[in-house]
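Read through the structure below, which is laid out as structure tokens, and then see the notes.
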Amino acid sequence: MVFSRLTACVIATTILSITQVAPATAEGEMERAADRFSQNEVVQAAADFFGTTTEAVAKAVQRVFAEEGLPDAYVTGDEGSGAVVVGVRYGEGWLIRKHQPPARVYWQGPSVGFDLGANASKAFILVYNLGSSDRLFQKFPGIEGSYYFIAGIGVNYLRANNITLAPMRTGVGLRAGVNAGYLTFTREATANPF
């Protein structure tokens, strides 16, 4: 008799805990989804930023979304770069997140490789798995020259600490080759690319 009451209590407690955890988990997923940008939101923001048609941007964004999903944030800004085997890149812009005011950000980084030229670009950088905005301020290694062009927009990936950046760039200049390097994001502008 005592055993059957104990069993009934354990079953009732288990059922109550499951019904209370399931809505909390679903609620957390809904909150995370509400803090991410849809493909349509990104296409429209990038088209407005680049001053191009949504159709052209949609082709580039579609591939990134297929590979990475919904971004937590994006960065819009301008950058310049140049290289003769060893190169540098400097940029400045705004970190855009849902439900938060835009934050000013800067980025810079060195590169080395078979690389020659200079360019000025508009950069629209999709940010994945960011969590706290403070996590953006670190080094992101990557390889350039392996990126692809879709509708005149170059895309490559940079990754660090489970965060993925997908910079999309369009601009003027000529820079050809393959290089390895990193970008460091900072809160203040700096001339030091390291």
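In the structure tokens, each chain is lettered A, B, ... as it comes, each chain's residues begin at 1, and ligands are numbered from 1 in order of appearance.
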**OP:** Write out as an NGL selection string the residues lying within 6 Å of range 137-145 of chain A, counting only C-alpha atoms and excluding same-chain residues fewer than 4 positions away.
**Re:** :A and (158-160 or 177-186)
Selected residues written out, N, CA and C atoms, as a CSV table (one decimal), in the first residue's frame:
```csv
chain,number,residue,atom,x,y,z
A,158,LEU,N,34.5,33.7,-41.2
A,158,LEU,CA,35.5,33.9,-40.1
A,158,LEU,C,34.9,33.2,-38.9
A,159,ARG,N,35.7,32.4,-38.2
A,159,ARG,CA,35.1,31.7,-37.0
A,159,ARG,C,36.0,31.8,-35.8
A,160,ALA,N,35.4,32.0,-34.6
A,160,ALA,CA,36.2,31.9,-33.3
A,160,ALA,C,35.2,31.7,-32.2
A,177,GLY,N,44.2,37.5,-55.2
A,177,GLY,CA,45.1,36.6,-54.6
A,177,GLY,C,44.5,35.8,-53.5
A,178,VAL,N,45.3,35.1,-52.7
A,178,VAL,CA,44.8,34.3,-51.6
A,178,VAL,C,45.6,34.7,-50.4
A,179,ASN,N,45.0,34.9,-49.2
A,179,ASN,CA,45.7,35.3,-48.0
A,179,ASN,C,45.0,34.7,-46.8
A,180,ALA,N,45.8,34.6,-45.8
A,180,ALA,CA,45.3,34.2,-44.5
A,180,ALA,C,45.5,35.3,-43.5
A,181,GLY,N,44.6,35.5,-42.6
A,181,GLY,CA,44.7,36.6,-41.6
A,181,GLY,C,43.6,36.5,-40.6
A,182,TYR,N,43.4,37.6,-40.0
A,182,TYR,CA,42.3,37.7,-39.0
A,182,TYR,C,41.8,39.1,-38.9
A,183,LEU,N,40.6,39.2,-38.4
A,183,LEU,CA,40.0,40.5,-38.1
A,183,LEU,C,39.8,40.6,-36.6
A,184,THR,N,40.2,41.7,-36.0
A,184,THR,CA,40.0,42.0,-34.6
A,184,THR,C,38.9,43.1,-34.4
A,185,PHE,N,37.9,42.8,-33.7
A,185,PHE,CA,36.8,43.8,-33.5
A,185,PHE,C,37.1,44.5,-32.2
A,186,THR,N,37.0,45.9,-32.2
A,186,THR,CA,37.3,46.7,-31.0
A,186,THR,C,36.2,47.7,-30.8
```
Original post:
Running DSSP on the backbone, which parts of range 16-157 of chain A land in alpha helix (DSSP H), as JSON, numbers by chain?
Top reply: {"A": [16, 17, 18, 19, 20, 21, 22, 23, 24, 25, 26, 27, 28, 29, 30, 31, 32, 33, 34, 39, 40, 41, 42, 43, 44, 45, 46, 47, 48, 49, 50, 54, 55, 56, 57, 58, 59, 60, 61, 62, 63, 64, 65, 66, 67, 68]}
Original post:
Which residue, A:Val84, A:Val172, A:Ala56, A:Ala166, has the smallest gap to Glu68 in chain A when you use only C-alpha atoms?
Top reply: A:Ala166
Original post:
Can you list, as an MDAnalysis selection string, every protein, DNA or RNA residue that comes within 12 Å of Pro101 in chain A when you count only C-alpha atoms, leaving out same-chain residues fewer than 6 positions away?
Top reply: chainID A and resid 73 94:95 133
Could you please take those selected residues and save C-alpha atoms as a short mmCIF file (atom, residue, chain, number, x, y, z; two decimals), in the first residue's frame?
```
data_model
loop_
_atom_site.label_atom_id
_atom_site.label_comp_id
_atom_site.auth_asym_id
_atom_site.auth_seq_id
_atom_site.Cartn_x
_atom_site.Cartn_y
_atom_site.Cartn_z
CA ALA A 73 23.12 40.32 -35.38
CA TRP A 94 27.57 49.60 -36.45
CA LEU A 95 26.57 46.40 -34.68
CA SER A 133 27.54 41.70 -27.68
#
```
Subject >> Residue nearest His99 in chain A - candidates A:Glu41, A:Asp134, A:Asp72, A:Glu188, atoms counted: only C-alpha atoms >> reply: A:Asp72
Original post:
Could you work out how far CA of Ala103 in chain A lies from CA of Thr76 in chain A, giving the answer in Å with one decimal?
Top reply: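 Computing it gives 10.6 Å between the two atoms.
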**OP:** Could you tell me, as a VMD selection string, which residues of range 27-146 of chain A DSSP assigns to strand (DSSP E) when given the backbone?
**Re:** chain A and resid 73 to 97 103 to 128 139 to 144
Subject >> Residue nearest Arg135 in chain A - candidates A:Ala118, A:Ile163, A:Ala47, A:Val88, atoms counted: only C-alpha atoms >> reply: A:Ile163
**OP:** Counting only C-alpha atoms, figure out which residue out of A:Phe37, A:Tyr90, A:Phe50, A:Phe194 gets nearest to Val127 in chain A.
**Re:** A:Phe37
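Distances from A:Val105, A:Val43, A:Val155, A:Ala123 to Glu55 in chain A were compared using only C-alpha atoms, and the smallest one belongs to A:Val43.
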Original post:
Taking into account only C-alpha atoms, which residue in the set A:Thr54, A:Ser111, A:Asn161, A:Thr170 is nearest to Glu79 in chain A?
Top reply: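 Closest to Glu79 in chain A of all the choices is A:Thr170.
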